[in-house]
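Everything below concerns the one structure shown next.
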Amino acid sequence: MNAVPTVGALVGAVGLVGVVAGGWYWLTPDFFEVGYQPTQPGSGFNHQIHAGMLGLDCRYCHTHVEESGAANVPSVATCYGCHSEGKLDNRVKKEKIEFIRTAYAADRTIEWRNIHVVPDYAHFSHDVHVNAGVSCYSCHGQIRGMPVVHQVKGLGMGWCLDCHRDSSLKARGGNREGTGSNLVPPEKVTDLIWAEQEWFSKPVEERNFNGVTPATLIESLHRNPPQHCAACHF
Ligand code: HEC
Ligand code: HEC
Ligand code: HEC
Ligand code: HEC
Ligand code: HEC
């Protein structure tokens, strides 16, 4: 009987830790946003066909990724350029692209559902990352192989900071020596197949593209990526 309060307290403590740990995990973006894949309008859009099989560059449609903070989704006119009346009728079933022609004729936009979202109180910009040599692959995964885009990274604050630390040098005021393992040669940022097969598949020390290595890439950044609160929360 004397043991009852002790055991009770222990069980309570263990239970509490479980609840806290569970809440901690379930409340992180990793749990409920990775894999997020909404239903898209019409027959949707297939990256595996367009960016994989046809090999279109990401910037053919996401025209602003290098110049602006926000990556854009293409307007219906971009689709219509290839899917106008009569075009490609021998390759694509008419019903599948009807939604493009209808939207174009009615001068309506296609309401693509947004997948990757950072909350309003944190600021993220594409241009700085893409121009610094961070591949779309590091943040969005192998888009060229996705029939339907889904989210592969949690996009939480720890994720942002891990990469920022790994892209920092002590000589520039970093708190630890980064390896540059997330950087690719800038001309390869949209070459996701190359990135997966020829770069990220190799250990950091063995990556070399005409003399460009993770060490030279981290060296060539002008400054360390920020870790102070106001850089992202303002
Ligand atoms: C022919 C046009 C086209 C090309 C080329 C293209 N995309 Fe897209 N992309 C779209 C459209 C349309 C959407 C919105 C529908 C969807 O999510 O599938 C989209 C959505 C996305 C999204 C999800 C956006 C969100 O809502 O969070 C990502 C990430 C993305 N594209 C990355 C890429 C990458 C990386 C490449 C190059 C490997 C690429 N795209 C090539 C047209 C294109
Ligand atoms: C550069 C030309 C080009 C552009 C731009 C383009 N497509 Fe396509 N699309 C094609 C070709 C070629 C095919 C047929 C591929 C095949 O043979 O299977 C195709 C196939 C399709 C299909 C049928 C295959 C499927 O997914 O079921 C749909 C739907 C489609 N495209 C939607 C779009 C949308 C939406 C856009 C704009 C965001 C777009 N396409 C932009 C060339 C293009
Ligand atoms: C450092 C990480 C990172 C890199 C590199 C990156 N993205 Fe993104 N992307 C994000 C984040 C985070 C969001 C959500 C942004 C937001 O909510 O403001 C996003 C959103 C998007 C969207 C949706 C935009 C919208 O308005 O619906 C598209 C499209 C996209 N990215 C395409 C690309 C392409 C193409 C590349 C490569 C050229 C790329 N991204 C590189 C992190 C990244
Ligand atoms: C895979 C690596 C990687 C990830 C993930 C990443 N970053 Fe970065 N970020 C960088 C690098 C590299 C730079 C340095 C760019 C430069 O200074 O040339 C940078 C720079 C920045 C800057 C400074 C840009 C400026 O205009 O001063 C901000 C702000 C930033 N990142 C926010 C974010 C946020 C928010 C996230 C998460 C949603 C994020 N980053 C995720 C690699 C990353
Ligand atoms: C590199 C960019 C970046 C920096 C630097 C940064 N944050 Fe964040 N922070 C984020 C992002 C992105 C989120 C949103 C995460 C999500 O979706 O849950 C966030 C979320 C938060 C939240 C909401 C709770 C949570 O953890 O999700 C708080 C509080 C916060 N940050 C405080 C801080 C403080 C304090 C600092 C400085 C010590 C800081 N942040 C530095 C990017 C950053």
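Identifiers in the structure tokens: chain A, B, ... in order shown; residue index from 1 per chain; ligand index from 1 in order shown.
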
Report task. Show me which residues sit within 6 Å of ligand 4 when counting only C-alpha atoms and all ligand atoms, and put them as a ChimeraX atom specification. Result -> /A:122-124,128-129,132,134,138-139,155,157,159-160,163-164,167,182,221-223,225-226,231-232

Grab the residues selected above and save them as a PDB file, in the first residue's frame with C-alpha atoms.
ATOM      1  CA  ALA A 122       7.369  34.012 -41.341  1.00  0.00           C
ATOM      2  CA  HIS A 123       8.852  35.285 -44.589  1.00  0.00           C
ATOM      3  CA  PHE A 124      10.337  33.123 -47.289  1.00  0.00           C
ATOM      4  CA  VAL A 128      17.639  34.460 -52.804  1.00  0.00           C
ATOM      5  CA  HIS A 129      17.600  30.687 -52.406  1.00  0.00           C
ATOM      6  CA  ALA A 132      22.409  30.993 -54.068  1.00  0.00           C
ATOM      7  CA  VAL A 134      19.714  25.796 -53.399  1.00  0.00           C
ATOM      8  CA  SER A 138      16.158  20.173 -51.570  1.00  0.00           C
ATOM      9  CA  CYS A 139      12.842  21.771 -50.682  1.00  0.00           C
ATOM     10  CA  LEU A 155       8.825  23.495 -43.891  1.00  0.00           C
ATOM     11  CA  MET A 157      11.483  26.576 -38.518  1.00  0.00           C
ATOM     12  CA  TRP A 159      14.221  22.788 -41.121  1.00  0.00           C
ATOM     13  CA  CYS A 160      15.007  26.344 -42.292  1.00  0.00           C
ATOM     14  CA  CYS A 163      20.088  24.285 -43.706  1.00  0.00           C
ATOM     15  CA  HIS A 164      21.133  27.813 -42.769  1.00  0.00           C
ATOM     16  CA  SER A 167      25.456  26.714 -45.298  1.00  0.00           C
ATOM     17  CA  ASN A 182      22.493  21.482 -49.645  1.00  0.00           C
ATOM     18  CA  LEU A 221      28.046  32.758 -50.858  1.00  0.00           C
ATOM     19  CA  HIS A 222      28.472  36.407 -49.953  1.00  0.00           C
ATOM     20  CA  ARG A 223      27.337  35.904 -46.374  1.00  0.00           C
ATOM     21  CA  PRO A 225      22.256  32.660 -44.227  1.00  0.00           C
ATOM     22  CA  PRO A 226      20.554  34.443 -41.309  1.00  0.00           C
ATOM     23  CA  ALA A 231      15.414  37.923 -40.677  1.00  0.00           C
ATOM     24  CA  CYS A 232      12.329  35.727 -41.022  1.00  0.00           C
TER      25      CYS A 232
END

Within 6 Å of ligand 3, counting only C-alpha atoms and all ligand atoms, which protein or nucleic acid residues do you find, written as a PDB file with N, CA, C and O atoms, in the first residue's frame?
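Wrote pocket_22.pdb, looks like this:
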ATOM      1  N   CYS A  58      11.679  24.098 -65.268  1.00  0.00           N
ATOM      2  CA  CYS A  58      10.742  24.645 -64.277  1.00  0.00           C
ATOM      3  C   CYS A  58      10.398  26.096 -64.602  1.00  0.00           C
ATOM      4  O   CYS A  58       9.269  26.544 -64.424  1.00  0.00           O
ATOM      5  N   HIS A  62       7.212  28.360 -64.045  1.00  0.00           N
ATOM      6  CA  HIS A  62       7.404  29.126 -62.807  1.00  0.00           C
ATOM      7  C   HIS A  62       8.404  30.231 -63.133  1.00  0.00           C
ATOM      8  O   HIS A  62       9.567  30.191 -62.711  1.00  0.00           O
ATOM      9  N   VAL A  65      10.685  32.467 -60.299  1.00  0.00           N
ATOM     10  CA  VAL A  65      11.447  31.934 -59.155  1.00  0.00           C
ATOM     11  C   VAL A  65      12.798  32.580 -58.933  1.00  0.00           C
ATOM     12  O   VAL A  65      13.275  32.633 -57.818  1.00  0.00           O
ATOM     13  N   ALA A  70       8.102  35.312 -54.375  1.00  0.00           N
ATOM     14  CA  ALA A  70       7.039  34.336 -54.563  1.00  0.00           C
ATOM     15  C   ALA A  70       7.218  33.597 -55.875  1.00  0.00           C
ATOM     16  O   ALA A  70       7.396  34.209 -56.917  1.00  0.00           O
ATOM     17  N   ALA A  71       7.194  32.269 -55.829  1.00  0.00           N
ATOM     18  CA  ALA A  71       7.204  31.486 -57.060  1.00  0.00           C
ATOM     19  C   ALA A  71       5.787  31.578 -57.622  1.00  0.00           C
ATOM     20  O   ALA A  71       4.833  31.571 -56.869  1.00  0.00           O
ATOM     21  N   ASN A  72       5.655  31.696 -58.926  1.00  0.00           N
ATOM     22  CA  ASN A  72       4.311  31.793 -59.498  1.00  0.00           C
ATOM     23  C   ASN A  72       3.889  30.495 -60.153  1.00  0.00           C
ATOM     24  O   ASN A  72       4.715  29.702 -60.592  1.00  0.00           O
ATOM     25  N   VAL A  73       2.599  30.288 -60.201  1.00  0.00           N
ATOM     26  CA  VAL A  73       2.022  29.171 -60.935  1.00  0.00           C
ATOM     27  C   VAL A  73       1.596  29.749 -62.281  1.00  0.00           C
ATOM     28  O   VAL A  73       1.139  30.892 -62.340  1.00  0.00           O
ATOM     29  N   ASN A 114      -3.152  25.507 -53.626  1.00  0.00           N
ATOM     30  CA  ASN A 114      -1.808  25.710 -53.116  1.00  0.00           C
ATOM     31  C   ASN A 114      -1.407  24.566 -52.166  1.00  0.00           C
ATOM     32  O   ASN A 114      -2.201  24.128 -51.353  1.00  0.00           O
ATOM     33  N   HIS A 116       2.349  24.072 -50.830  1.00  0.00           N
ATOM     34  CA  HIS A 116       3.379  24.504 -49.868  1.00  0.00           C
ATOM     35  C   HIS A 116       3.025  25.865 -49.299  1.00  0.00           C
ATOM     36  O   HIS A 116       2.877  26.818 -50.058  1.00  0.00           O
ATOM     37  N   VAL A 117       2.886  25.946 -47.994  1.00  0.00           N
ATOM     38  CA  VAL A 117       2.535  27.222 -47.380  1.00  0.00           C
ATOM     39  C   VAL A 117       3.334  27.461 -46.102  1.00  0.00           C
ATOM     40  O   VAL A 117       3.414  26.597 -45.234  1.00  0.00           O
ATOM     41  N   VAL A 118       3.958  28.637 -46.025  1.00  0.00           N
ATOM     42  CA  VAL A 118       4.632  29.062 -44.807  1.00  0.00           C
ATOM     43  C   VAL A 118       3.677  30.072 -44.166  1.00  0.00           C
ATOM     44  O   VAL A 118       3.100  30.894 -44.867  1.00  0.00           O
ATOM     45  N   PHE A 124       9.466  33.953 -46.469  1.00  0.00           N
ATOM     46  CA  PHE A 124      10.337  33.123 -47.289  1.00  0.00           C
ATOM     47  C   PHE A 124      10.419  33.713 -48.686  1.00  0.00           C
ATOM     48  O   PHE A 124       9.418  34.143 -49.236  1.00  0.00           O
ATOM     49  N   HIS A 126      11.914  33.005 -52.694  1.00  0.00           N
ATOM     50  CA  HIS A 126      12.539  32.060 -53.627  1.00  0.00           C
ATOM     51  C   HIS A 126      13.826  32.593 -54.246  1.00  0.00           C
ATOM     52  O   HIS A 126      14.827  31.901 -54.297  1.00  0.00           O
ATOM     53  N   HIS A 129      17.218  32.093 -52.519  1.00  0.00           N
ATOM     54  CA  HIS A 129      17.600  30.687 -52.406  1.00  0.00           C
ATOM     55  C   HIS A 129      18.025  30.099 -53.742  1.00  0.00           C
ATOM     56  O   HIS A 129      19.056  29.445 -53.848  1.00  0.00           O
ATOM     57  N   VAL A 130      17.210  30.347 -54.769  1.00  0.00           N
ATOM     58  CA  VAL A 130      17.508  29.790 -56.084  1.00  0.00           C
ATOM     59  C   VAL A 130      18.821  30.366 -56.622  1.00  0.00           C
ATOM     60  O   VAL A 130      19.673  29.649 -57.133  1.00  0.00           O
ATOM     61  N   VAL A 134      20.480  26.812 -54.122  1.00  0.00           N
ATOM     62  CA  VAL A 134      19.714  25.796 -53.399  1.00  0.00           C
ATOM     63  C   VAL A 134      18.746  25.198 -54.422  1.00  0.00           C
ATOM     64  O   VAL A 134      17.919  25.905 -54.997  1.00  0.00           O
ATOM     65  N   SER A 135      18.878  23.913 -54.684  1.00  0.00           N
ATOM     66  CA  SER A 135      18.070  23.251 -55.702  1.00  0.00           C
ATOM     67  C   SER A 135      16.606  23.155 -55.278  1.00  0.00           C
ATOM     68  O   SER A 135      16.307  22.970 -54.100  1.00  0.00           O
ATOM     69  N   CYS A 136      15.705  23.225 -56.259  1.00  0.00           N
ATOM     70  CA  CYS A 136      14.288  23.001 -55.965  1.00  0.00           C
ATOM     71  C   CYS A 136      14.159  21.629 -55.286  1.00  0.00           C
ATOM     72  O   CYS A 136      13.281  21.410 -54.460  1.00  0.00           O
ATOM     73  N   CYS A 139      14.036  21.315 -51.401  1.00  0.00           N
ATOM     74  CA  CYS A 139      12.842  21.771 -50.682  1.00  0.00           C
ATOM     75  C   CYS A 139      11.559  21.135 -51.194  1.00  0.00           C
ATOM     76  O   CYS A 139      10.588  21.025 -50.469  1.00  0.00           O
ATOM     77  N   LEU A 155       8.771  22.035 -43.780  1.00  0.00           N
ATOM     78  CA  LEU A 155       8.825  23.495 -43.891  1.00  0.00           C
ATOM     79  C   LEU A 155       8.764  24.211 -42.538  1.00  0.00           C
ATOM     80  O   LEU A 155       8.386  25.374 -42.455  1.00  0.00           O
ATOM     81  N   THR A 190      17.645  23.825 -61.401  1.00  0.00           N
ATOM     82  CA  THR A 190      16.373  23.247 -61.842  1.00  0.00           C
ATOM     83  C   THR A 190      16.571  21.867 -62.471  1.00  0.00           C
ATOM     84  O   THR A 190      15.617  21.260 -62.949  1.00  0.00           O
TER      85      THR A 190
END

When you look at Asn210 in chain A with a cut-off of 10 Å (counting only C-alpha atoms), what residues show up, excluding the ones that are within fewer than 3 positions of it in the same chain? I need them as a CSV table (one decimal) with N, CA, C and O atoms, in the first residue's frame.
chain,number,residue,atom,x,y,z
A,185,PRO,N,25.7,23.5,-58.0
A,185,PRO,CA,26.2,24.6,-58.9
A,185,PRO,C,25.0,25.3,-59.4
A,185,PRO,O,24.0,24.7,-59.8
A,207,ARG,N,31.5,15.0,-54.1
A,207,ARG,CA,30.8,15.8,-55.1
A,207,ARG,C,31.7,16.8,-55.8
A,207,ARG,O,32.4,17.6,-55.1
A,213,THR,N,32.7,22.3,-55.9
A,213,THR,CA,32.4,21.4,-54.8
A,213,THR,C,31.5,22.1,-53.8
A,213,THR,O,31.4,23.3,-53.8

Query raised in the report: Do you know which residues are within 8 Å of ligand 1 using only C-alpha atoms and all ligand atoms? Can you write them as an MDAnalysis selection string?
Result: chainID A and resid 40 44:47 50:52 55:62 73:75 78:79 112:117 136:137 140:144 148:151 190:192

Query - Residue set, range 158-218 of chain A restricted to helix (DSSP H, G or I), as a count of residues only - result: 31

**Report entry** Cys82 in chain A environment, 12 Å, only C-alpha atoms, sequence neighbours closer than 4 positions dropped, as a list in words
**Finding:** His50, Val76, Ala77, Thr78, Gly86, Lys87, Leu88, Asp89, Arg91, Val92, Ile97, Ile100 and Arg101 of chain A

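When CA of Ser181 in chain A is paired with CA of Trp194 in chain A, their separation reads 15.2 Å.
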
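CA of His64 in chain A is positioned 20.7 Å from CA of Pro119 in chain A.
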
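With distances restricted to only C-alpha atoms, A:Ile110 is the closest residue to Ser43 in chain A from A:Leu217, A:Val212, A:Ala105, A:Ile110.
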
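Between atom 18 (O, counted along the ligand's line) of ligand 5 and CA of Gly156 in chain A lies a distance of 4.8 Å.
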
Query raised in the report: Of the candidates A:Ile49, A:Leu183, A:Ala195, A:Ala230, which shows the shortest atom-to-atom distance to Ile218 in chain A, using only C-alpha atoms?
Result: A:Leu183

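Closest approach to Gly173 in chain A among A:Met53, A:Asn224, A:Lys93, A:Tyr104: A:Asn224, based on only C-alpha atoms.
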
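Here the question is which of A:Glu95, A:Glu177, A:Asp120, A:Glu219 gets nearest to ligand 2 using only C-alpha atoms and all ligand atoms, and that residue is A:Glu95.
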